[in-house]
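S.K.: Got entry_12.cif for you, mmCIF, C-alpha atoms:
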```
data_work
loop_
_atom_site.group_PDB
_atom_site.id
_atom_site.type_symbol
_atom_site.label_atom_id
_atom_site.label_comp_id
_atom_site.auth_asym_id
_atom_site.auth_seq_id
_atom_site.Cartn_x
_atom_site.Cartn_y
_atom_site.Cartn_z
ATOM 1 C CA MET C 1 124.979 104.890 95.994
ATOM 2 C CA SER C 2 123.142 102.407 98.172
ATOM 3 C CA ASN C 3 121.109 99.602 96.670
ATOM 4 C CA GLU C 4 118.897 99.389 99.710
ATOM 5 C CA VAL C 5 115.193 99.499 98.943
ATOM 6 C CA LEU C 6 113.435 102.642 100.114
ATOM 7 C CA SER C 7 110.232 102.678 102.098
ATOM 8 C CA ALA C 8 108.048 105.519 103.326
ATOM 9 C CA PRO C 9 104.616 106.106 104.840
ATOM 10 C CA HIS C 10 102.015 106.981 102.245
ATOM 11 C CA SER C 11 98.501 108.090 103.125
ATOM 12 C CA MET C 12 95.620 108.555 100.765
ATOM 13 C CA GLU C 13 92.505 110.334 101.886
ATOM 14 C CA PHE C 14 89.356 111.274 100.038
ATOM 15 C CA ALA C 15 86.647 113.360 101.665
ATOM 16 C CA TYR C 16 83.560 112.413 99.698
ATOM 17 C CA THR C 17 80.556 114.706 99.934
ATOM 18 C CA ARG C 18 77.491 112.572 99.392
ATOM 19 C CA SER C 19 73.872 113.548 99.014
ATOM 20 C CA THR C 20 71.793 111.529 101.421
ATOM 21 C CA GLY C 21 68.466 111.296 99.639
ATOM 22 C CA PRO C 22 65.231 112.344 101.382
ATOM 23 C CA VAL C 23 64.770 109.253 103.572
ATOM 24 C CA VAL C 24 68.332 108.801 104.830
ATOM 25 C CA GLY C 25 68.445 112.610 105.188
ATOM 26 C CA ALA C 26 65.385 112.466 107.428
ATOM 27 C CA PHE C 27 67.000 109.649 109.454
ATOM 28 C CA LEU C 28 70.138 111.758 109.990
ATOM 29 C CA THR C 29 68.041 114.831 110.774
ATOM 30 C CA GLY C 30 66.292 112.677 113.372
ATOM 31 C CA LEU C 31 69.634 111.696 114.925
ATOM 32 C CA ARG C 32 70.499 115.380 115.203
ATOM 33 C CA ASP C 33 67.303 115.736 117.271
ATOM 34 C CA ARG C 34 68.231 112.585 119.246
ATOM 35 C CA LYS C 35 65.470 110.528 117.676
ATOM 36 C CA VAL C 36 65.781 107.300 115.706
ATOM 37 C CA LEU C 37 63.509 106.958 112.704
ATOM 38 C CA GLY C 38 62.650 103.885 110.677
ATOM 39 C CA VAL C 39 60.359 103.114 107.799
ATOM 40 C CA LYS C 40 57.520 100.600 107.678
ATOM 41 C CA ASP C 41 58.203 98.601 104.544
ATOM 42 C CA SER C 42 55.891 96.766 102.158
ATOM 43 C CA ARG C 43 56.084 93.646 104.370
ATOM 44 C CA GLY C 44 54.879 95.685 107.336
ATOM 45 C CA GLU C 45 58.244 95.539 109.061
ATOM 46 C CA VAL C 46 59.971 98.589 110.501
ATOM 47 C CA VAL C 47 63.462 98.968 109.018
ATOM 48 C CA VAL C 48 66.152 100.971 110.835
ATOM 49 C CA PRO C 49 68.047 102.759 109.375
ATOM 50 C CA PRO C 50 65.417 103.456 106.718
ATOM 51 C CA PRO C 51 66.562 102.762 103.153
ATOM 52 C CA GLU C 52 65.635 104.959 100.207
ATOM 53 C CA TYR C 53 64.072 101.962 98.439
ATOM 54 C CA ASP C 54 61.884 99.185 99.773
ATOM 55 C CA ARG C 55 63.934 96.009 100.144
ATOM 56 C CA THR C 56 61.132 93.793 98.783
ATOM 57 C CA SER C 57 59.168 95.849 96.275
ATOM 58 C CA PHE C 58 62.100 98.160 95.345
ATOM 59 C CA ALA C 59 59.620 101.072 95.281
ATOM 60 C CA PRO C 60 60.867 104.396 96.686
ATOM 61 C CA THR C 61 60.189 104.682 100.399
ATOM 62 C CA ASP C 62 58.237 107.636 101.714
ATOM 63 C CA ALA C 63 60.129 110.177 103.831
ATOM 64 C CA SER C 64 56.832 111.496 105.237
ATOM 65 C CA ALA C 65 55.862 108.047 106.558
ATOM 66 C CA LEU C 66 58.795 107.502 108.912
ATOM 67 C CA VAL C 67 58.144 106.207 112.407
ATOM 68 C CA GLU C 68 60.131 106.823 115.551
ATOM 69 C CA VAL C 69 61.486 103.762 117.329
ATOM 70 C CA GLY C 70 62.818 103.292 120.846
ATOM 71 C CA GLN C 71 66.221 104.229 122.204
ATOM 72 C CA GLU C 72 66.732 100.869 123.832
ATOM 73 C CA GLY C 73 66.923 97.513 122.192
ATOM 74 C CA VAL C 74 68.350 94.008 122.087
ATOM 75 C CA VAL C 75 71.724 92.793 120.802
ATOM 76 C CA THR C 76 70.936 90.250 118.077
ATOM 77 C CA SER C 77 74.550 89.632 117.083
ATOM 78 C CA TRP C 78 77.973 91.029 117.877
ATOM 79 C CA SER C 79 81.613 90.786 116.992
ATOM 80 C CA TRP C 80 84.712 91.766 118.970
ATOM 81 C CA ASN C 81 87.079 94.216 117.297
ATOM 82 C CA PRO C 82 90.504 93.696 118.928
ATOM 83 C CA THR C 83 92.426 96.157 116.732
ATOM 84 C CA PRO C 84 90.446 99.364 116.135
ATOM 85 C CA ARG C 85 91.441 101.542 113.211
ATOM 86 C CA SER C 86 91.623 105.284 112.931
ATOM 87 C CA GLY C 87 88.160 106.831 112.628
ATOM 88 C CA GLN C 88 86.344 104.053 114.486
ATOM 89 C CA PRO C 89 84.220 104.905 117.534
ATOM 90 C CA PHE C 90 86.846 103.808 120.080
ATOM 91 C CA ASP C 91 90.627 103.645 120.055
ATOM 92 C CA ARG C 92 90.575 100.589 122.326
ATOM 93 C CA PRO C 93 89.208 97.109 121.636
ATOM 94 C CA PHE C 94 85.415 97.155 121.503
ATOM 95 C CA ALA C 95 82.433 95.260 120.100
ATOM 96 C CA TRP C 96 80.401 95.900 117.007
ATOM 97 C CA ALA C 97 76.788 94.954 117.650
ATOM 98 C CA LEU C 98 73.583 94.590 115.686
ATOM 99 C CA VAL C 99 70.928 96.173 117.867
ATOM 100 C CA GLN C 100 67.215 95.730 117.250
ATOM 101 C CA LEU C 101 65.709 98.841 118.773
ATOM 102 C CA ASP C 102 62.286 98.541 120.429
ATOM 103 C CA GLY C 103 59.683 98.970 117.691
ATOM 104 C CA SER C 104 62.127 97.976 114.940
ATOM 105 C CA ASP C 105 62.312 94.666 113.076
ATOM 106 C CA THR C 106 65.918 94.968 111.925
ATOM 107 C CA GLY C 107 69.361 95.396 113.423
ATOM 108 C CA LEU C 108 71.288 98.670 113.496
ATOM 109 C CA LEU C 109 75.064 98.190 113.422
ATOM 110 C CA HIS C 110 77.026 100.274 115.905
ATOM 111 C CA ALA C 111 79.705 100.122 118.574
ATOM 112 C CA LEU C 112 78.827 98.646 121.967
ATOM 113 C CA ASP C 113 80.734 99.962 124.977
ATOM 114 C CA ALA C 114 80.885 96.980 127.314
ATOM 115 C CA PRO C 115 83.565 94.598 128.540
ATOM 116 C CA ARG C 116 83.897 91.568 126.335
ATOM 117 C CA ASP C 117 82.893 89.202 129.141
ATOM 118 C CA ALA C 118 79.678 91.134 129.738
ATOM 119 C CA ILE C 119 78.412 90.927 126.166
ATOM 120 C CA ARG C 120 75.872 88.327 125.112
ATOM 121 C CA THR C 121 73.289 88.012 122.406
ATOM 122 C CA GLY C 122 69.933 89.064 123.793
ATOM 123 C CA MET C 123 71.302 91.648 126.228
ATOM 124 C CA ARG C 124 69.458 94.960 126.588
ATOM 125 C CA VAL C 125 71.303 98.071 125.475
ATOM 126 C CA ARG C 126 70.545 101.742 125.053
ATOM 127 C CA ILE C 127 71.845 104.570 122.918
ATOM 128 C CA ARG C 128 74.518 106.846 124.352
ATOM 129 C CA TRP C 129 74.192 110.101 122.418
ATOM 130 C CA ALA C 130 77.097 112.261 121.344
ATOM 131 C CA GLU C 131 77.426 115.558 123.191
ATOM 132 C CA SER C 132 76.865 117.650 120.073
ATOM 133 C CA PRO C 133 74.760 115.838 117.466
ATOM 134 C CA ARG C 134 75.408 117.055 113.930
ATOM 135 C CA GLY C 135 73.288 114.873 111.662
ATOM 136 C CA PHE C 136 75.656 111.929 111.231
ATOM 137 C CA ILE C 137 75.706 108.308 112.310
ATOM 138 C CA ASP C 138 78.197 109.135 115.079
ATOM 139 C CA ASP C 139 75.483 111.215 116.784
ATOM 140 C CA ILE C 140 74.940 107.803 118.312
ATOM 141 C CA ALA C 141 78.249 107.651 120.203
ATOM 142 C CA CYS C 142 77.659 103.960 120.925
ATOM 143 C CA PHE C 143 75.335 101.576 122.693
ATOM 144 C CA GLU C 144 75.747 100.805 126.383
ATOM 145 C CA PRO C 145 74.284 98.046 128.556
ATOM 146 C CA VAL C 146 70.991 98.669 130.341
ATOM 147 C CA GLU C 147 71.302 97.630 133.974
ATOM 148 C CA GLU C 148 68.724 94.933 134.506
ATOM 149 C CA ALA C 149 66.793 94.958 137.759
ATOM 150 C CA MET M 1 76.140 134.090 119.260
ATOM 151 C CA SER M 2 73.110 131.851 119.460
ATOM 152 C CA THR M 3 73.625 128.458 121.052
ATOM 153 C CA GLU M 4 70.387 127.169 119.581
ATOM 154 C CA PRO M 5 71.098 124.348 117.161
ATOM 155 C CA VAL M 6 70.119 124.836 113.554
ATOM 156 C CA THR M 7 67.471 122.173 113.259
ATOM 157 C CA ALA M 8 65.199 123.796 110.694
ATOM 158 C CA VAL M 9 67.223 122.612 107.718
ATOM 159 C CA PRO M 10 67.050 118.858 107.100
ATOM 160 C CA VAL M 11 70.284 116.993 106.495
ATOM 161 C CA SER M 12 70.805 116.514 102.774
ATOM 162 C CA GLU M 13 74.571 115.905 102.556
ATOM 163 C CA ILE M 14 77.241 114.174 104.555
ATOM 164 C CA VAL M 15 81.011 114.122 104.241
ATOM 165 C CA THR M 16 82.503 110.650 104.472
ATOM 166 C CA PRO M 17 86.298 110.677 104.620
ATOM 167 C CA ILE M 18 87.978 107.543 103.355
ATOM 168 C CA ARG M 19 91.594 107.071 104.332
ATOM 169 C CA LEU M 20 94.184 104.431 103.578
ATOM 170 C CA ASP M 21 97.549 104.378 105.357
ATOM 171 C CA TYR M 22 100.200 102.524 103.411
ATOM 172 C CA ARG M 23 103.870 101.861 103.837
ATOM 173 C CA TYR M 24 105.002 102.301 100.265
ATOM 174 C CA THR M 25 108.015 100.409 98.981
ATOM 175 C CA PRO M 26 109.017 101.336 95.451
ATOM 176 C CA GLY M 27 111.149 98.231 94.862
ATOM 177 C CA GLU M 28 114.813 97.932 93.900
ATOM 178 C CA ALA M 29 114.807 99.670 90.533
ATOM 179 C CA SER M 30 112.713 102.661 91.560
ATOM 180 C CA SER M 31 114.685 102.964 94.807
ATOM 181 C CA ARG M 32 117.830 103.482 92.719
ATOM 182 C CA PHE M 33 115.970 106.079 90.653
ATOM 183 C CA LEU M 34 114.777 107.919 93.777
ATOM 184 C CA ARG M 35 118.264 107.815 95.340
ATOM 185 C CA GLY M 36 119.510 109.352 92.094
ATOM 186 C CA MET M 37 116.918 112.119 92.347
ATOM 187 C CA LYS M 38 118.166 112.861 95.874
ATOM 188 C CA GLU M 39 121.584 113.564 94.266
ATOM 189 C CA GLY M 40 120.126 115.571 91.390
ATOM 190 C CA ARG M 41 120.692 112.787 88.848
ATOM 191 C CA ILE M 42 118.155 111.143 86.554
ATOM 192 C CA LEU M 43 118.846 107.402 86.398
ATOM 193 C CA GLY M 44 117.223 105.111 83.877
ATOM 194 C CA ARG M 45 117.957 101.511 83.062
ATOM 195 C CA ARG M 46 118.513 99.830 79.709
ATOM 196 C CA CYS M 47 116.523 96.852 78.479
ATOM 197 C CA PRO M 48 118.935 94.142 77.224
ATOM 198 C CA SER M 49 116.383 93.085 74.613
ATOM 199 C CA CYS M 50 115.057 96.269 72.961
ATOM 200 C CA LEU M 51 118.002 98.429 74.168
ATOM 201 C CA LYS M 52 115.622 101.185 75.215
ATOM 202 C CA VAL M 53 116.370 103.221 78.333
ATOM 203 C CA ILE M 54 113.366 102.896 80.616
ATOM 204 C CA LEU M 55 112.637 105.906 82.857
ATOM 205 C CA PRO M 56 111.700 105.730 85.634
ATOM 206 C CA PRO M 57 113.071 102.183 85.732
ATOM 207 C CA ARG M 58 110.899 99.329 86.947
ATOM 208 C CA GLY M 59 112.227 95.846 87.524
ATOM 209 C CA CYS M 60 111.338 94.818 83.989
ATOM 210 C CA CYS M 61 111.055 96.438 80.586
ATOM 211 C CA SER M 62 107.472 97.566 80.154
ATOM 212 C CA MET M 63 107.512 96.483 76.501
ATOM 213 C CA CYS M 64 109.642 93.286 76.460
ATOM 214 C CA GLY M 65 109.159 92.045 80.002
ATOM 215 C CA GLU M 66 112.934 91.439 80.253
ATOM 216 C CA LEU M 67 114.782 92.177 83.475
ATOM 217 C CA LEU M 68 116.394 95.580 83.005
ATOM 218 C CA GLY M 69 120.169 95.785 82.713
ATOM 219 C CA GLU M 70 122.725 98.558 83.068
ATOM 220 C CA GLU M 71 121.965 101.843 84.765
ATOM 221 C CA VAL M 72 122.080 104.851 82.451
ATOM 222 C CA GLU M 73 122.238 108.451 83.607
ATOM 223 C CA VAL M 74 120.146 110.642 81.321
ATOM 224 C CA LYS M 75 120.423 114.400 80.907
ATOM 225 C CA ASP M 76 118.042 116.927 82.395
ATOM 226 C CA SER M 77 117.483 118.513 79.002
ATOM 227 C CA GLY M 78 114.997 117.020 76.608
ATOM 228 C CA THR M 79 112.250 117.342 74.041
ATOM 229 C CA LEU M 80 108.618 118.194 74.668
ATOM 230 C CA VAL M 81 106.896 115.291 72.943
ATOM 231 C CA THR M 82 103.343 116.309 73.757
ATOM 232 C CA PHE M 83 101.527 118.476 76.277
ATOM 233 C CA ALA M 84 98.178 119.469 77.753
ATOM 234 C CA VAL M 85 96.944 122.901 78.776
ATOM 235 C CA VAL M 86 95.218 122.494 82.140
ATOM 236 C CA ASN M 87 92.294 124.830 82.783
ATOM 237 C CA VAL M 88 90.626 123.028 85.691
ATOM 238 C CA ASN M 89 92.542 122.495 88.909
ATOM 239 C CA PHE M 90 92.115 119.444 91.054
ATOM 240 C CA ALA M 91 92.065 119.262 94.831
ATOM 241 C CA ASN M 92 95.138 120.479 96.736
ATOM 242 C CA ARG M 93 96.821 121.791 93.592
ATOM 243 C CA THR M 94 97.768 125.427 93.941
ATOM 244 C CA ILE M 95 99.385 126.171 90.585
ATOM 245 C CA ASP M 96 97.876 129.205 88.857
ATOM 246 C CA LEU M 97 95.636 128.318 85.922
ATOM 247 C CA PRO M 98 96.068 127.737 83.118
ATOM 248 C CA TYR M 99 99.259 125.698 83.243
ATOM 249 C CA VAL M 100 100.919 123.177 80.939
ATOM 250 C CA THR M 101 101.851 119.600 81.736
ATOM 251 C CA GLY M 102 104.360 118.220 79.316
ATOM 252 C CA GLU M 103 105.555 114.765 78.378
ATOM 253 C CA VAL M 104 109.298 115.289 78.134
ATOM 254 C CA LEU M 105 111.757 112.888 76.541
ATOM 255 C CA PHE M 106 114.904 113.550 78.534
ATOM 256 C CA ASP M 107 118.031 113.206 76.398
ATOM 257 C CA GLY M 108 119.272 109.638 76.693
ATOM 258 C CA ALA M 109 115.904 108.142 77.701
ATOM 259 C CA ASP M 110 113.442 106.304 75.493
ATOM 260 C CA MET M 111 110.346 107.068 77.542
ATOM 261 C CA THR M 112 108.709 110.355 78.381
ATOM 262 C CA THR M 113 108.253 111.802 81.853
ATOM 263 C CA MET M 114 105.334 114.018 82.849
ATOM 264 C CA VAL M 115 106.482 117.391 84.190
ATOM 265 C CA LEU M 116 105.206 120.924 84.592
ATOM 266 C CA LEU M 117 106.221 123.312 81.796
ATOM 267 C CA SER M 118 106.739 126.985 82.675
ATOM 268 C CA GLY M 119 108.413 130.056 81.290
ATOM 269 C CA VAL M 120 106.664 130.185 77.917
ATOM 270 C CA PRO M 121 103.386 131.794 76.744
ATOM 271 C CA LEU M 122 100.671 129.180 76.143
ATOM 272 C CA ASP M 123 100.365 129.965 72.448
ATOM 273 C CA GLU M 124 104.077 129.317 71.939
ATOM 274 C CA VAL M 125 104.084 125.805 73.404
ATOM 275 C CA ARG M 126 104.640 123.262 70.670
ATOM 276 C CA MET M 127 105.548 119.627 70.191
ATOM 277 C CA GLY M 128 109.271 119.217 69.603
ATOM 278 C CA MET M 129 110.407 122.270 71.561
ATOM 279 C CA ARG M 130 113.580 121.818 73.555
ATOM 280 C CA VAL M 131 113.400 122.170 77.326
ATOM 281 C CA LYS M 132 115.588 121.838 80.415
ATOM 282 C CA ALA M 133 114.788 120.936 84.011
ATOM 283 C CA VAL M 134 114.685 123.660 86.642
ATOM 284 C CA TRP M 135 115.584 121.995 89.929
ATOM 285 C CA LEU M 136 114.551 123.037 93.395
ATOM 286 C CA PRO M 137 117.401 124.383 95.579
ATOM 287 C CA GLU M 138 119.721 121.485 96.422
ATOM 288 C CA GLU M 139 119.000 121.652 100.155
ATOM 289 C CA GLN M 140 115.360 120.765 99.341
ATOM 290 C CA TRP M 141 116.172 117.639 97.342
ATOM 291 C CA ASP M 142 114.450 114.523 98.554
ATOM 292 C CA TYR M 143 113.744 111.027 97.221
ATOM 293 C CA THR M 144 111.260 112.338 94.672
ATOM 294 C CA LEU M 145 110.835 113.400 91.073
ATOM 295 C CA ALA M 146 109.372 116.608 92.526
ATOM 296 C CA ASN M 147 113.004 117.834 92.914
ATOM 297 C CA ILE M 148 112.483 118.906 89.311
ATOM 298 C CA ASP M 149 110.186 121.867 89.884
ATOM 299 C CA HIS M 150 109.413 122.278 86.200
ATOM 300 C CA VAL M 151 111.010 122.413 82.768
ATOM 301 C CA GLU M 152 111.467 125.562 80.734
ATOM 302 C CA PRO M 153 112.359 126.189 77.086
ATOM 303 C CA ILE M 154 115.977 126.456 75.992
ATOM 304 C CA ASP M 155 117.331 128.211 72.952
ATOM 305 C CA GLU M 156 117.815 125.235 70.649
ATOM 306 C CA PRO M 157 116.130 124.329 67.361
ATOM 307 C CA ASP M 158 113.000 122.173 67.744
ATOM 308 C CA ALA M 159 113.480 118.409 67.489
ATOM 309 C CA ASP M 160 112.359 116.819 64.251
ATOM 310 C CA TYR M 161 108.917 115.202 64.524
ATOM 311 C CA GLU M 162 110.310 111.955 63.085
ATOM 312 C CA SER M 163 112.664 111.688 66.069
ATOM 313 C CA PHE M 164 109.851 111.316 68.628
ATOM 314 C CA LYS M 165 106.724 110.293 66.706
ATOM 315 C CA GLU M 166 106.893 106.664 67.883
ATOM 316 C CA LEU M 167 106.340 107.889 71.429
ATOM 317 C CA LEU M 168 102.972 109.439 70.593
#
```
Now, as a test, write the supplied structure out as structure tokens.

M.R.:
Amino acid sequence: MSNEVLSAPHSMEFAYTRSTGPVVGAFLTGLRDRKVLGVKDSRGEVVVPPPEYDRTSFAPTDASALVEVGQEGVVTSWSWNPTPRSGQPFDRPFAWALVQLDGSDTGLLHALDAPRDAIRTGMRVRIRWAESPRGFIDDIACFEPVEEA
Amino acid sequence: MSTEPVTAVPVSEIVTPIRLDYRYTPGEASSRFLRGMKEGRILGRRCPSCLKVILPPRGCCSMCGELLGEEVEVKDSGTLVTFAVVNVNFANRTIDLPYVTGEVLFDGADMTTMVLLSGVPLDEVRMGMRVKAVWLPEEQWDYTLANIDHVEPIDEPDADYESFKELL
């Protein structure tokens, strides 16, 4: 019998079902309707995506007090992903970007579909919606550059 | 069929799959064990310090930490040391409930192995009963302990409690 060490592929997968909470649920419901909702927090800043608890006062946020923000925004930071993994928005190299949507005071992390050379902090981008929104973060397929006049 | 999206119900749940793709390497000792399984043999390894036969073998004795020594083939008959009656299935398991998982001390080994116990009414399962492996058809054997489909009782007197109590 051989003494050679064996080796085999081994995949582990867990499909967690998570309750969203009322505020994140409302945010995802908004995505399904192709709207982006944020919450005005105790500092008066609009946070997108809206958290269930205020980041300063830690008080529960109010799902009925959500505000809609714009579908365009500004890249405040980005990072190139040269080796995408299974389940990520693209199967080719792409950028992750923090996008501050118009009317929001925080960055939303998502994929940005643009050539690496064309990306810069401060560039204007807009949401590209998925064809069939379902109430999940990938209803935003990605961001794409806004052609500047 | 309506094409109108169901937007009346707010989102309250999401499913978030988490997946990890490994290349698993069992190491030298377990590779020998798995190659043995492929041939329908159960291979343990003896600790040179405590002289126990470790099954399945790792590189070292789990009690002494010594590098394991000679390979020892154990039998596919053994003693049911302890067991659990399972009444709640977990994901992807299709065995009819209730079923019994047993810790079996195969003859020649000094450690128990967890296997499915079949072929006996639940109220007749007892510690010390003698069992034997029921293997899958040989053409299905692979590098896995799952080649042993289950164990079932054999017509032998129960093992004496004193003979396995240190394993409990």

S.K.: Taking all atoms listed in the file into account, name the residue in M:Tyr143, M:Tyr161, M:Trp135, M:Phe90 that is nearest to Asp76 (chain M).

M.R.: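 Smallest distance to Asp76 (chain M) is found for M:Trp135.
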
S.K.: Kindly determine which residues of chain C lie within 7 Å of chain M, considering all atoms listed in the file, and give the answer as a VMD selection string.

M.R.: chain C and resid 3 5 to 21 25 to 26 28 to 29 135

S.K.: Can you work out the spacing between CA of Asp160 (chain M) and CA of Arg45 (chain M) in Å, to one decimal?

M.R.: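 Taking CA of Asp160 (chain M) as the start and CA of Arg45 (chain M) as the end point, the length is 24.9 Å.
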
S.K.: Give as a PDB file with C-alpha atoms, in the frame of the given file the residues that the PyMOL selection byres ((chain C and resi 82) around 9) matches when applied to the coordinates above.

M.R.:
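Written output follows (out06.pdb):
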```pdb
ATOM      1  CA  TRP C  80      84.712  91.766 118.970  1.00  0.00           C
ATOM      2  CA  ASN C  81      87.079  94.216 117.297  1.00  0.00           C
ATOM      3  CA  THR C  83      92.426  96.157 116.732  1.00  0.00           C
ATOM      4  CA  PRO C  84      90.446  99.364 116.135  1.00  0.00           C
ATOM      5  CA  ARG C  92      90.575 100.589 122.326  1.00  0.00           C
ATOM      6  CA  PRO C  93      89.208  97.109 121.636  1.00  0.00           C
ATOM      7  CA  PHE C  94      85.415  97.155 121.503  1.00  0.00           C
ATOM      8  CA  ALA C  95      82.433  95.260 120.100  1.00  0.00           C
TER       9      ALA C  95
END
```

S.K.: Take the PyMOL selection byres ((chain C and resi 105) around 12), run it mentally on this structure, and tell me the resulting residues as a PDB file with C-alpha atoms, in the frame of the given file.

M.R.:
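Saved file result-v8.pdb follows:
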```pdb
ATOM      1  CA  GLY C  38      62.650 103.885 110.677  1.00  0.00           C
ATOM      2  CA  VAL C  39      60.359 103.114 107.799  1.00  0.00           C
ATOM      3  CA  LYS C  40      57.520 100.600 107.678  1.00  0.00           C
ATOM      4  CA  ASP C  41      58.203  98.601 104.544  1.00  0.00           C
ATOM      5  CA  ARG C  43      56.084  93.646 104.370  1.00  0.00           C
ATOM      6  CA  GLY C  44      54.879  95.685 107.336  1.00  0.00           C
ATOM      7  CA  GLU C  45      58.244  95.539 109.061  1.00  0.00           C
ATOM      8  CA  VAL C  46      59.971  98.589 110.501  1.00  0.00           C
ATOM      9  CA  VAL C  47      63.462  98.968 109.018  1.00  0.00           C
ATOM     10  CA  VAL C  48      66.152 100.971 110.835  1.00  0.00           C
ATOM     11  CA  PRO C  49      68.047 102.759 109.375  1.00  0.00           C
ATOM     12  CA  PRO C  50      65.417 103.456 106.718  1.00  0.00           C
ATOM     13  CA  VAL C  69      61.486 103.762 117.329  1.00  0.00           C
ATOM     14  CA  GLY C  70      62.818 103.292 120.846  1.00  0.00           C
ATOM     15  CA  GLY C  73      66.923  97.513 122.192  1.00  0.00           C
ATOM     16  CA  VAL C  74      68.350  94.008 122.087  1.00  0.00           C
ATOM     17  CA  THR C  76      70.936  90.250 118.077  1.00  0.00           C
ATOM     18  CA  LEU C  98      73.583  94.590 115.686  1.00  0.00           C
ATOM     19  CA  VAL C  99      70.928  96.173 117.867  1.00  0.00           C
ATOM     20  CA  GLN C 100      67.215  95.730 117.250  1.00  0.00           C
ATOM     21  CA  LEU C 101      65.709  98.841 118.773  1.00  0.00           C
ATOM     22  CA  ASP C 102      62.286  98.541 120.429  1.00  0.00           C
ATOM     23  CA  GLY C 103      59.683  98.970 117.691  1.00  0.00           C
ATOM     24  CA  SER C 104      62.127  97.976 114.940  1.00  0.00           C
ATOM     25  CA  THR C 106      65.918  94.968 111.925  1.00  0.00           C
ATOM     26  CA  GLY C 107      69.361  95.396 113.423  1.00  0.00           C
ATOM     27  CA  LEU C 108      71.288  98.670 113.496  1.00  0.00           C
TER      28      LEU C 108
END
```

S.K.: Give as a PyMOL selection string the residues that the PyMOL selection byres ((chain C and resi 114) around 9) matches when applied to the coordinates above.

M.R.: chain C and resi 94-95+112-113+115-119+143-145

S.K.: May I ask for the distance between CA of Asp149 (chain M) and CA of Val115 (chain M), given in Å to one decimal place?

M.R.: 8.1 Å

S.K.: Step by step: start from the point (116.6, 92.6, 84.2) in the file's coordinates, keep every protein, DNA or RNA residue that has an atom no farther than 9 Å from it, count only C-alpha atoms, and write the set as number ranges by chain.

M.R.: M: 46-48, 59-61, 65-70

S.K.: How many Å separate CA of Gly128 (chain M) from CA of Ser62 (chain M)?

M.R.: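 Value for the CA of Gly128 (chain M)-CA of Ser62 (chain M) distance: 24.2 Å.
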
S.K.: For a quick check of understanding, using only C-alpha atoms, which of C:Ala59, C:Val75, C:Val125, C:Leu109 has the smallest distance to Asp138 (chain C)?

M.R.: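 Among the listed residues, the smallest separation from Asp138 (chain C) belongs to C:Leu109.
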
S.K.: Can you work out which one of C:Pro133, C:Asp54, C:Pro89, C:Glu72 has the shortest atom-to-atom distance to Val146 (chain C), counting all atoms listed in the file?

M.R.: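 Ranked by minimum distance to Val146 (chain C), first place goes to C:Glu72.
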
S.K.: Which centre and edge lengths in Å to one decimal define the box along x, y and z that fits every listed atom of region 115-132 of chain C plus 4 Å per side, as AutoDock Vina command-line options?

M.R.:
```
--center_x 76.7 --center_y 102.8 --center_z 124.9 --size_x 22.4 --size_y 37.6 --size_z 17.7
```
